[in-house]
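Everything below belongs to data-v8.cif, which stores mmCIF, C-alpha atoms and all ligand atoms.
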```cif
data_start
loop_
_atom_site.label_atom_id
_atom_site.label_comp_id
_atom_site.auth_asym_id
_atom_site.auth_seq_id
_atom_site.Cartn_x
_atom_site.Cartn_y
_atom_site.Cartn_z
CA ASP M 5 -176.68 148.74 99.67
CA TRP M 6 -173.76 146.42 99.04
CA ASN M 7 -171.02 146.74 101.58
CA PRO M 8 -168.34 144.32 102.69
CA GLY M 9 -169.38 144.50 106.34
CA ASN M 10 -172.85 143.12 105.51
CA VAL M 11 -171.43 140.37 103.36
CA ILE M 12 -169.10 139.34 106.16
CA ALA M 13 -171.88 139.33 108.77
CA GLU M 14 -174.16 137.29 106.53
CA GLN M 15 -171.50 134.78 105.52
CA VAL M 16 -170.27 134.33 109.08
CA GLU M 17 -173.78 133.27 110.06
CA ARG M 18 -174.14 130.94 107.11
CA ILE M 19 -170.77 129.32 107.71
CA ARG M 20 -171.54 128.76 111.38
CA ALA M 21 -174.89 127.20 110.49
CA GLN M 22 -173.31 124.93 107.89
CA VAL M 23 -170.29 123.82 109.86
CA GLY M 24 -171.55 123.55 113.43
CA ASP M 25 -168.79 122.09 115.63
CA ALA M 26 -167.02 120.21 112.86
CA ARG M 27 -163.49 120.92 111.77
CA VAL M 28 -162.70 122.59 108.47
CA ILE M 29 -159.68 122.47 106.18
CA CYS M 30 -158.54 124.98 103.57
CA GLY M 31 -155.72 124.95 101.05
CA LEU M 32 -153.96 128.30 100.74
CA SER M 33 -152.17 129.20 97.52
CA GLY M 34 -151.08 132.74 98.28
CA GLY M 35 -153.73 134.08 95.93
CA VAL M 36 -156.63 136.39 96.63
CA ASP M 37 -159.53 133.94 96.56
CA SER M 38 -158.27 131.20 98.83
CA SER M 39 -156.92 133.79 101.27
CA VAL M 40 -160.15 135.75 101.56
CA ALA M 41 -162.22 132.56 101.79
CA ALA M 42 -159.95 131.31 104.59
CA ALA M 43 -160.11 134.64 106.42
CA LEU M 44 -163.88 134.61 106.26
CA VAL M 45 -164.16 131.07 107.59
CA GLN M 46 -161.63 131.89 110.28
CA ARG M 47 -163.76 134.86 111.33
CA ALA M 48 -166.77 132.51 111.55
CA VAL M 49 -165.36 129.43 113.28
CA GLY M 50 -161.86 130.40 114.47
CA ASP M 51 -159.65 127.47 115.38
CA GLN M 52 -162.03 124.92 113.93
CA LEU M 53 -160.26 125.86 110.70
CA THR M 54 -156.85 124.53 109.72
CA CYS M 55 -155.20 125.97 106.62
CA VAL M 56 -152.64 124.03 104.62
CA PHE M 57 -149.99 125.78 102.57
CA VAL M 58 -147.84 123.69 100.25
CA ASP M 59 -144.59 125.50 99.53
CA HIS M 60 -143.63 124.01 96.16
CA GLY M 61 -140.67 126.33 95.81
CA LEU M 62 -142.08 127.86 92.61
CA LEU M 63 -143.37 131.06 94.17
CA ARG M 64 -141.88 134.49 93.69
CA THR M 65 -139.74 136.39 96.16
CA GLY M 66 -141.64 137.09 99.36
CA GLU M 67 -144.79 135.14 98.52
CA ALA M 68 -144.28 132.23 100.90
CA GLU M 69 -143.54 134.74 103.67
CA GLN M 70 -146.70 136.65 102.79
CA VAL M 71 -148.69 133.54 103.57
CA GLU M 72 -146.65 132.10 106.43
CA GLN M 73 -146.13 135.38 108.29
CA ASP M 74 -148.27 138.29 107.10
CA PHE M 75 -151.47 136.37 106.48
CA VAL M 76 -151.21 134.46 109.73
CA ALA M 77 -150.42 137.62 111.69
CA ALA M 78 -153.34 139.48 110.12
CA THR M 79 -155.97 136.77 110.51
CA GLY M 80 -154.83 134.49 113.34
CA VAL M 81 -155.39 131.47 111.12
CA GLN M 82 -154.00 128.08 112.21
CA LEU M 83 -151.57 127.13 109.46
CA LYS M 84 -149.84 123.90 108.53
CA VAL M 85 -146.94 124.60 106.19
CA VAL M 86 -145.53 121.78 104.09
CA ASP M 87 -142.06 122.46 102.77
CA ALA M 88 -142.10 120.45 99.53
CA ARG M 89 -139.45 122.44 97.69
CA GLU M 90 -136.97 119.59 97.32
CA ARG M 91 -139.68 117.19 96.30
CA PHE M 92 -140.82 119.38 93.43
CA LEU M 93 -137.27 120.07 92.23
CA THR M 94 -136.54 116.36 92.22
CA ALA M 95 -139.74 115.57 90.36
CA LEU M 96 -138.97 118.25 87.77
CA ALA M 97 -135.32 117.31 87.24
CA GLY M 98 -134.47 116.82 83.58
CA VAL M 99 -137.93 117.87 82.35
CA SER M 100 -138.26 120.59 79.70
CA ASP M 101 -141.58 119.88 78.03
CA PRO M 102 -144.21 122.40 79.20
CA GLU M 103 -147.16 120.01 79.45
CA THR M 104 -145.06 117.42 81.24
CA LYS M 105 -143.96 120.05 83.73
CA ARG M 106 -147.56 121.09 84.35
CA LYS M 107 -148.65 117.50 84.88
CA ILE M 108 -145.81 116.79 87.28
CA ILE M 109 -146.46 119.94 89.29
CA GLY M 110 -150.21 119.24 89.43
CA ARG M 111 -149.69 115.62 90.42
CA GLU M 112 -147.14 116.37 93.13
CA PHE M 113 -149.27 119.18 94.46
CA ILE M 114 -152.28 116.94 94.89
CA ARG M 115 -150.21 114.22 96.56
CA VAL M 116 -148.61 116.61 99.02
CA PHE M 117 -151.93 118.28 99.80
CA GLU M 118 -153.65 114.93 100.27
CA ASP M 119 -151.00 113.78 102.71
CA ALA M 120 -151.28 117.02 104.67
CA ALA M 121 -155.08 116.84 104.66
CA ARG M 122 -154.92 113.26 105.87
CA GLU M 123 -152.66 114.33 108.73
CA VAL M 124 -155.06 117.07 109.73
CA VAL M 125 -157.93 114.57 109.64
CA GLU M 126 -155.97 112.06 111.72
CA ASP M 127 -154.91 114.65 114.30
CA ALA M 128 -158.52 115.73 114.70
CA GLY M 129 -159.63 112.09 114.87
CA ALA M 130 -157.21 111.51 117.74
CA HIS M 131 -159.11 114.22 119.58
CA GLY M 132 -162.46 112.67 118.75
CA GLU M 133 -163.30 115.24 116.08
CA ASP M 134 -164.35 114.99 112.48
CA VAL M 135 -163.03 117.05 109.59
CA LYS M 136 -166.04 117.34 107.36
CA PHE M 137 -165.55 120.50 105.37
CA LEU M 138 -163.20 121.85 102.75
CA VAL M 139 -163.12 125.57 101.96
CA GLN M 140 -163.01 126.62 98.33
CA GLY M 141 -162.51 130.15 97.02
CA THR M 142 -165.07 129.70 94.25
CA LEU M 143 -166.31 133.05 92.87
CA TYR M 144 -169.57 133.86 91.15
CA PRO M 145 -168.06 133.84 87.64
CA ASP M 146 -166.69 130.31 88.33
CA VAL M 147 -170.16 129.18 89.35
CA VAL M 148 -171.73 130.63 86.21
CA GLU M 149 -169.02 129.22 83.95
CA SER M 150 -169.43 125.70 85.23
CA GLY M 151 -173.20 125.76 84.90
CA GLY M 152 -174.09 126.68 88.46
CA GLY M 153 -175.73 124.42 90.97
CA GLU M 154 -174.27 122.57 93.91
CA GLY M 155 -170.87 121.01 93.47
CA ALA M 156 -170.17 123.22 90.49
CA ALA M 157 -166.90 124.03 92.11
CA ASN M 158 -164.79 121.26 90.77
CA ILE M 159 -162.08 123.86 90.76
CA LYS M 160 -159.69 124.48 87.93
CA SER M 161 -158.06 121.11 87.96
CA HIS M 162 -154.69 122.39 86.86
CA HIS M 163 -153.79 123.96 90.14
CA ASN M 164 -154.50 124.34 93.80
CA VAL M 165 -156.57 121.78 95.58
CA GLY M 166 -157.59 119.46 92.82
CA GLY M 167 -159.34 116.12 93.16
CA LEU M 168 -159.13 114.81 96.66
CA PRO M 169 -158.98 111.06 97.26
CA ASP M 170 -162.20 109.10 97.71
CA ASP M 171 -161.44 108.20 101.29
CA LEU M 172 -161.37 111.88 102.21
CA GLN M 173 -164.93 113.02 101.80
CA PHE M 174 -165.54 116.67 102.39
CA ALA M 175 -168.50 118.90 101.92
CA LEU M 176 -167.54 122.23 100.38
CA VAL M 177 -167.72 125.58 102.13
CA GLU M 178 -167.79 128.31 99.49
CA PRO M 179 -168.30 131.68 101.12
CA LEU M 180 -167.39 133.68 97.98
CA ARG M 181 -169.87 131.99 95.66
CA THR M 182 -171.99 135.11 95.20
CA LEU M 183 -169.13 137.56 94.76
CA PHE M 184 -167.19 139.12 91.93
CA LYS M 185 -163.46 139.69 92.16
CA ASP M 186 -163.66 143.36 93.16
CA GLU M 187 -166.14 142.44 95.90
CA VAL M 188 -163.82 139.70 97.14
CA ARG M 189 -161.07 142.29 97.39
CA ALA M 190 -163.30 144.65 99.38
CA VAL M 191 -164.25 141.84 101.75
CA GLY M 192 -160.60 140.86 102.10
CA LEU M 193 -159.56 144.39 102.99
CA GLU M 194 -162.36 144.65 105.53
CA LEU M 195 -161.16 141.37 107.09
CA GLY M 196 -157.64 142.74 107.35
CA VAL M 197 -156.09 140.47 104.72
CA PRO M 198 -152.75 142.10 103.76
CA GLU M 199 -152.93 144.38 100.70
CA SER M 200 -150.06 142.50 99.07
CA ILE M 201 -152.38 139.49 98.91
CA VAL M 202 -155.65 141.33 98.21
CA TRP M 203 -154.17 143.13 95.21
CA ARG M 204 -152.06 140.29 93.90
CA GLN M 205 -152.27 139.99 90.14
CA PRO M 206 -153.12 136.59 88.62
CA PHE M 207 -150.34 134.08 89.08
CA PRO M 208 -150.49 130.54 87.71
CA GLY M 209 -150.74 127.55 90.06
CA PRO M 210 -147.62 125.93 88.56
CA GLY M 211 -145.84 129.18 89.34
CA LEU M 212 -142.31 129.86 88.14
CA GLY M 213 -142.13 126.26 86.94
CA ILE M 214 -143.80 127.35 83.72
CA ARG M 215 -141.84 130.61 83.46
CA ILE M 216 -138.50 128.91 82.94
CA VAL M 217 -138.20 127.73 79.37
CA GLY M 218 -136.21 124.52 79.70
CA GLU M 219 -135.41 122.52 82.80
CA VAL M 220 -136.37 123.95 86.20
CA THR M 221 -133.35 124.00 88.51
CA ALA M 222 -132.66 125.67 91.84
CA GLU M 223 -130.15 128.03 90.20
CA ARG M 224 -132.54 129.07 87.44
CA LEU M 225 -135.31 129.64 89.96
CA GLU M 226 -133.01 131.91 91.91
CA THR M 227 -132.11 133.86 88.77
CA LEU M 228 -135.74 134.25 87.72
CA ARG M 229 -136.83 135.25 91.22
CA ALA M 230 -134.22 138.00 91.33
CA ALA M 231 -135.22 139.37 87.91
CA ASP M 232 -138.93 139.11 88.66
CA ALA M 233 -138.55 140.93 91.97
CA ILE M 234 -136.83 143.84 90.20
CA ALA M 235 -139.52 144.05 87.50
CA ARG M 236 -142.30 144.00 90.07
CA GLU M 237 -140.60 146.56 92.25
CA GLU M 238 -140.17 149.00 89.35
CA LEU M 239 -143.72 148.51 88.04
CA THR M 240 -145.03 149.21 91.52
CA ARG M 241 -142.77 152.23 91.90
CA ALA M 242 -144.08 153.58 88.59
CA GLY M 243 -147.67 153.17 89.83
CA LEU M 244 -148.57 150.71 87.07
CA ASP M 245 -149.83 147.75 89.10
CA ARG M 246 -153.51 148.47 88.57
CA GLU M 247 -153.03 149.29 84.90
CA ILE M 248 -151.53 146.03 83.87
CA TRP M 249 -153.35 142.72 84.21
CA GLN M 250 -150.14 140.90 84.98
CA CYS M 251 -146.54 140.86 83.84
CA PRO M 252 -145.00 137.43 83.63
CA VAL M 253 -141.20 137.52 83.75
CA VAL M 254 -139.76 134.55 81.89
CA LEU M 255 -136.26 133.06 81.94
CA LEU M 256 -135.08 131.51 78.70
CA GLY M 257 -133.11 128.78 80.39
CA ASP M 258 -132.10 127.02 77.20
CA VAL M 259 -131.04 130.15 75.34
CA ARG M 260 -127.76 131.98 75.76
CA SER M 261 -126.45 135.03 74.05
CA VAL M 262 -123.19 136.90 74.04
CA GLY M 263 -122.83 140.11 75.96
CA VAL M 264 -120.16 142.38 77.28
CA GLN M 265 -119.80 143.73 80.75
CA GLY M 266 -116.88 145.86 81.81
CA ASP M 267 -113.95 144.26 79.97
CA GLY M 268 -115.43 140.86 79.90
CA ARG M 269 -117.44 138.81 77.48
CA THR M 270 -120.49 137.19 79.00
CA TYR M 271 -122.60 134.30 77.79
CA GLY M 272 -125.82 134.61 79.73
CA HIS M 273 -129.55 134.03 79.61
CA PRO M 274 -132.25 136.39 78.33
CA ILE M 275 -135.14 137.51 80.47
CA VAL M 276 -138.47 138.21 78.77
CA LEU M 277 -140.92 140.82 80.08
CA ARG M 278 -144.53 139.99 79.19
CA PRO M 279 -146.73 142.87 80.39
CA VAL M 280 -150.35 142.40 79.32
CA SER M 281 -153.63 144.27 79.52
CA SER M 282 -156.78 142.20 79.69
CA GLU M 283 -160.33 142.01 81.02
CA ASP M 284 -160.53 138.30 81.68
CA ALA M 285 -157.30 136.68 80.41
CA MET M 286 -159.17 135.10 77.49
CA THR M 287 -157.74 137.74 75.20
CA ALA M 288 -154.99 140.20 75.97
CA ASP M 289 -152.93 142.93 74.43
CA TRP M 290 -149.33 143.70 75.23
CA THR M 291 -149.10 146.74 77.45
CA ARG M 292 -147.30 149.78 76.08
CA LEU M 293 -145.17 150.39 79.13
CA PRO M 294 -143.34 153.71 79.32
CA TYR M 295 -139.85 153.45 77.80
CA ASP M 296 -138.19 154.88 80.88
CA VAL M 297 -139.73 152.18 83.07
CA LEU M 298 -138.58 149.50 80.65
CA ALA M 299 -135.11 151.04 80.60
CA THR M 300 -134.86 151.04 84.39
CA ILE M 301 -135.99 147.43 84.63
CA SER M 302 -133.53 146.36 81.95
CA THR M 303 -130.59 148.21 83.46
CA ARG M 304 -131.28 146.95 86.93
CA ILE M 305 -131.77 143.32 85.92
CA THR M 306 -128.59 143.19 83.86
CA ASN M 307 -126.62 144.97 86.60
CA GLU M 308 -127.99 143.05 89.54
CA VAL M 309 -128.55 139.54 88.20
CA PRO M 310 -125.21 138.18 87.00
CA GLU M 311 -126.63 135.28 84.96
CA VAL M 312 -128.72 137.64 82.81
CA ASN M 313 -127.13 139.78 80.08
CA ARG M 314 -130.18 140.64 77.96
CA VAL M 315 -133.76 141.78 78.60
CA VAL M 316 -136.37 141.49 75.84
CA LEU M 317 -139.97 142.66 75.56
CA ASP M 318 -142.76 140.39 74.34
CA VAL M 319 -144.97 142.43 71.97
CA THR M 320 -147.46 139.69 71.08
CA SER M 321 -151.17 139.91 71.78
CA LYS M 322 -153.31 136.93 72.83
CA PRO M 323 -154.17 135.34 70.47
CA PRO M 324 -151.88 134.26 68.97
CA GLY M 325 -149.59 134.18 72.00
CA THR M 326 -150.85 132.92 75.34
CA ILE M 327 -150.10 135.11 78.35
CA GLU M 328 -147.74 132.56 79.88
CA TRP M 329 -144.93 131.14 77.76
CA GLU M 330 -145.71 127.56 78.67
P1 LIG S 1 -152.64 131.78 79.29
O1 LIG S 1 -151.16 131.52 79.38
O2 LIG S 1 -153.42 130.53 78.99
O3 LIG S 1 -153.10 132.24 80.74
O4 LIG S 1 -152.98 132.89 78.34
C1 LIG S 1 -154.35 132.80 81.02
C2 LIG S 1 -154.38 133.18 82.48
O5 LIG S 1 -154.37 132.01 83.31
C3 LIG S 1 -153.21 131.99 84.12
N1 LIG S 1 -152.76 130.60 84.14
C4 LIG S 1 -153.01 129.76 85.13
N2 LIG S 1 -153.63 129.95 86.31
N3 LIG S 1 -153.19 127.71 86.87
C5 LIG S 1 -153.70 128.93 87.17
O6 LIG S 1 -154.23 129.09 88.25
C6 LIG S 1 -152.57 127.44 85.71
O7 LIG S 1 -152.12 126.33 85.46
C7 LIG S 1 -152.47 128.53 84.80
N4 LIG S 1 -151.92 128.66 83.57
C8 LIG S 1 -152.12 129.95 83.18
C9 LIG S 1 -152.24 132.96 83.49
O8 LIG S 1 -151.32 133.50 84.43
C10 LIG S 1 -153.18 133.99 82.93
O9 LIG S 1 -153.62 134.89 83.93
#
```

Translate this structure into structure tokens?
Ligand code: XMP
Amino acid sequence: DWNPGNVIAEQVERIRAQVGDARVICGLSGGVDSSVAAALVQRAVGDQLTCVFVDHGLLRTGEAEQVEQDFVAATGVQLKVVDARERFLTALAGVSDPETKRKIIGREFIRVFEDAAREVVEDAGAHGEDVKFLVQGTLYPDVVESGGGEGAANIKSHHNVGGLPDDLQFALVEPLRTLFKDEVRAVGLELGVPESIVWRQPFPGPGLGIRIVGEVTAERLETLRAADAIAREELTRAGLDREIWQCPVVLLGDVRSVGVQGDGRTYGHPIVLRPVSSEDAMTADWTRLPYDVLATISTRITNEVPEVNRVVLDVTSKPPGTIEWE
């Protein structure tokens, strides 16, 4: 019978056999897969593992804290946090084109991660140790999609820990290779990974950077974070988290419209709600959210986020619309 306890026991043995005394590195994104993979490797080899979390400043409210505090407290993982928020903002300054933004975010991410990985390797080297292994949260569907076999895990290149430099050679540790998403969640819960991480809906690697139409600035990020936090809070309160696949909240940074608040005219930005239902994100339908939930979200966002004076609902399926706006 499948149960998470058996999977953990089996993987712990395998990881120990593979890794021996060597040191291991793992990039954490805040998502389910990398977190559960890290927790499993931590259970197996403890402090031989160092996790690296790059804070690119494009996460939603509370997500960096979930990794830096909750995840560490729950698992005891050794974590190296790189605060790269300024670096990403600087790199994104003046850029509005979606593909250019994605490329910049991907490029900067890899550079920052490489530097951090190199530091971990050097620190270990100073202690006479070798870092030989890199943990990847590859799941069974990823293995199948990429044709299976060893090294099939050349990860989705657009995010997370993409191509490492040639002078950093790692063998991969992939403890989730035989598991489906729901099994990964069960294993994560059994390992004590916080529920906020285990049940996190899909979130793109480039984060809020591709949910601001127009230039990404610190002010716009703050506006979007505030609106997004309200939408998520109300969807959770309404018990809808497991019914929707995900609900991107998008700030139309280059659009303004006229509004009225109290006695005053406003000229603010619209926020788009993009709730979708899907099986695998390849196709999706817009979710028919209850009107009263939509009304509460709209009222709260326009009351509580001064820069926003209009909330609109995206009623497009995929295709023709993608789930994300960029
Ligand atoms: P689209 O917008 O293509 O999104 O319909 C499909 C799914 O993929 C997510 N997504 C990404 N995930 N890195 C990721 O890890 C990315 O660059 C990326 N872009 C889109 C999106 O949130 C949806 O679940």

Val264 (chain M) surroundings by all atoms listed in the file, 9 Å radius, close-in-sequence under 6 positions cut, as a CSV table (one decimal) with C-alpha atoms, in the coordinates of the input:
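So out_26.csv came out as:
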```csv
chain,number,residue,atom,x,y,z
M,270,THR,CA,-120.5,137.2,79.0
M,271,TYR,CA,-122.6,134.3,77.8
M,313,ASN,CA,-127.1,139.8,80.1
```

Using all atoms listed in the file, what does the table of chain M residues within 8 Å of ligand LIG 1 (chain S) look like, with each row giving the shortest atom pair and its distance in Å to one decimal, sorted by chain and ascending number, as a tab-separated table?
```
residue	atom	partner	partner_atom	distance
M:Arg106	CA	S:LIG1	O7	7.0
M:Lys160	CA	S:LIG1	O6	7.2
M:His162	CA	S:LIG1	O7	4.9
M:His163	CA	S:LIG1	N3	5.0
M:Asn164	CA	S:LIG1	O6	7.3
M:Pro206	CA	S:LIG1	O9	5.0
M:Phe207	CA	S:LIG1	O8	4.8
M:Pro208	CA	S:LIG1	N2	3.5
M:Gly209	CA	S:LIG1	N3	4.0
M:Pro210	CA	S:LIG1	O7	5.5
M:Gly211	CA	S:LIG1	C6	7.8
M:Trp249	CA	S:LIG1	O9	7.8
M:Gln250	CA	S:LIG1	O9	7.0
M:Pro252	CA	S:LIG1	O8	7.5
M:Ala285	CA	S:LIG1	C1	4.9
M:Met286	CA	S:LIG1	C1	6.4
M:Thr287	CA	S:LIG1	O4	7.5
M:Ala288	CA	S:LIG1	O4	7.9
M:Lys322	CA	S:LIG1	O4	6.8
M:Gly325	CA	S:LIG1	O4	7.3
M:Thr326	CA	S:LIG1	O4	3.7
M:Ile327	CA	S:LIG1	O4	3.6
M:Glu328	CA	S:LIG1	O1	3.6
M:Trp329	CA	S:LIG1	O1	6.4
M:Glu330	CA	S:LIG1	O1	6.8
```

Would you write out, as JSON lines, a table of all residues in region 45-161 of chain M that have an atom no more than 9 Å from an atom of region 216-239 of chain M, listing for each the closest atom pair and the distance in Å to one decimal, considering only C-alpha atoms and ordering rows by chain and rising residue number?
```
{"residue": "M:Gly61", "atom": "CA", "partner": "M:Leu225", "partner_atom": "CA", "distance": 8.6}
{"residue": "M:Leu62", "atom": "CA", "partner": "M:Leu225", "partner_atom": "CA", "distance": 7.5}
{"residue": "M:Leu63", "atom": "CA", "partner": "M:Arg229", "partner_atom": "CA", "distance": 8.3}
{"residue": "M:Arg64", "atom": "CA", "partner": "M:Arg229", "partner_atom": "CA", "distance": 5.7}
{"residue": "M:Thr65", "atom": "CA", "partner": "M:Arg229", "partner_atom": "CA", "distance": 5.8}
{"residue": "M:Gly66", "atom": "CA", "partner": "M:Ala233", "partner_atom": "CA", "distance": 8.9}
{"residue": "M:Leu93", "atom": "CA", "partner": "M:Thr221", "partner_atom": "CA", "distance": 6.7}
{"residue": "M:Leu96", "atom": "CA", "partner": "M:Val220", "partner_atom": "CA", "distance": 6.5}
{"residue": "M:Ala97", "atom": "CA", "partner": "M:Val220", "partner_atom": "CA", "distance": 6.8}
{"residue": "M:Gly98", "atom": "CA", "partner": "M:Glu219", "partner_atom": "CA", "distance": 5.8}
{"residue": "M:Val99", "atom": "CA", "partner": "M:Glu219", "partner_atom": "CA", "distance": 5.3}
{"residue": "M:Ser100", "atom": "CA", "partner": "M:Gly218", "partner_atom": "CA", "distance": 4.4}
{"residue": "M:Asp101", "atom": "CA", "partner": "M:Gly218", "partner_atom": "CA", "distance": 7.3}
{"residue": "M:Pro102", "atom": "CA", "partner": "M:Val217", "partner_atom": "CA", "distance": 8.0}
{"residue": "M:Lys105", "atom": "CA", "partner": "M:Val220", "partner_atom": "CA", "distance": 8.9}
```

For this session: Please indicate the distance in Å from CA of Ser281 (chain M) to CA of Cys251 (chain M), rounded to one decimal place.
Result: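 CA of Cys251 (chain M) lies at a distance of 9.0 Å from CA of Ser281 (chain M).
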
Exercise. For the atom pair CA of Phe92 (chain M) and CA of Leu255 (chain M), what is the interatomic distance in Å to one decimal place?
Worked result: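 Separation of CA of Phe92 (chain M) and CA of Leu255 (chain M): 18.4 Å.
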
For this session: Can you work out which one of M:Arg122, M:Arg278, M:Arg204, M:Arg304 has the shortest atom-to-atom distance to Gly192 (chain M), counting only C-alpha atoms?
Result: M:Arg204

Exercise. Contacts of region 131-146 of chain M at 9 Å or less, counting all atoms listed in the file, minus same-chain residues fewer than 3 places along, as number ranges by chain?
Worked result: M: 23, 25-31, 36-42, 45, 124-128, 149-152, 156-157, 159, 165, 172-185, 188
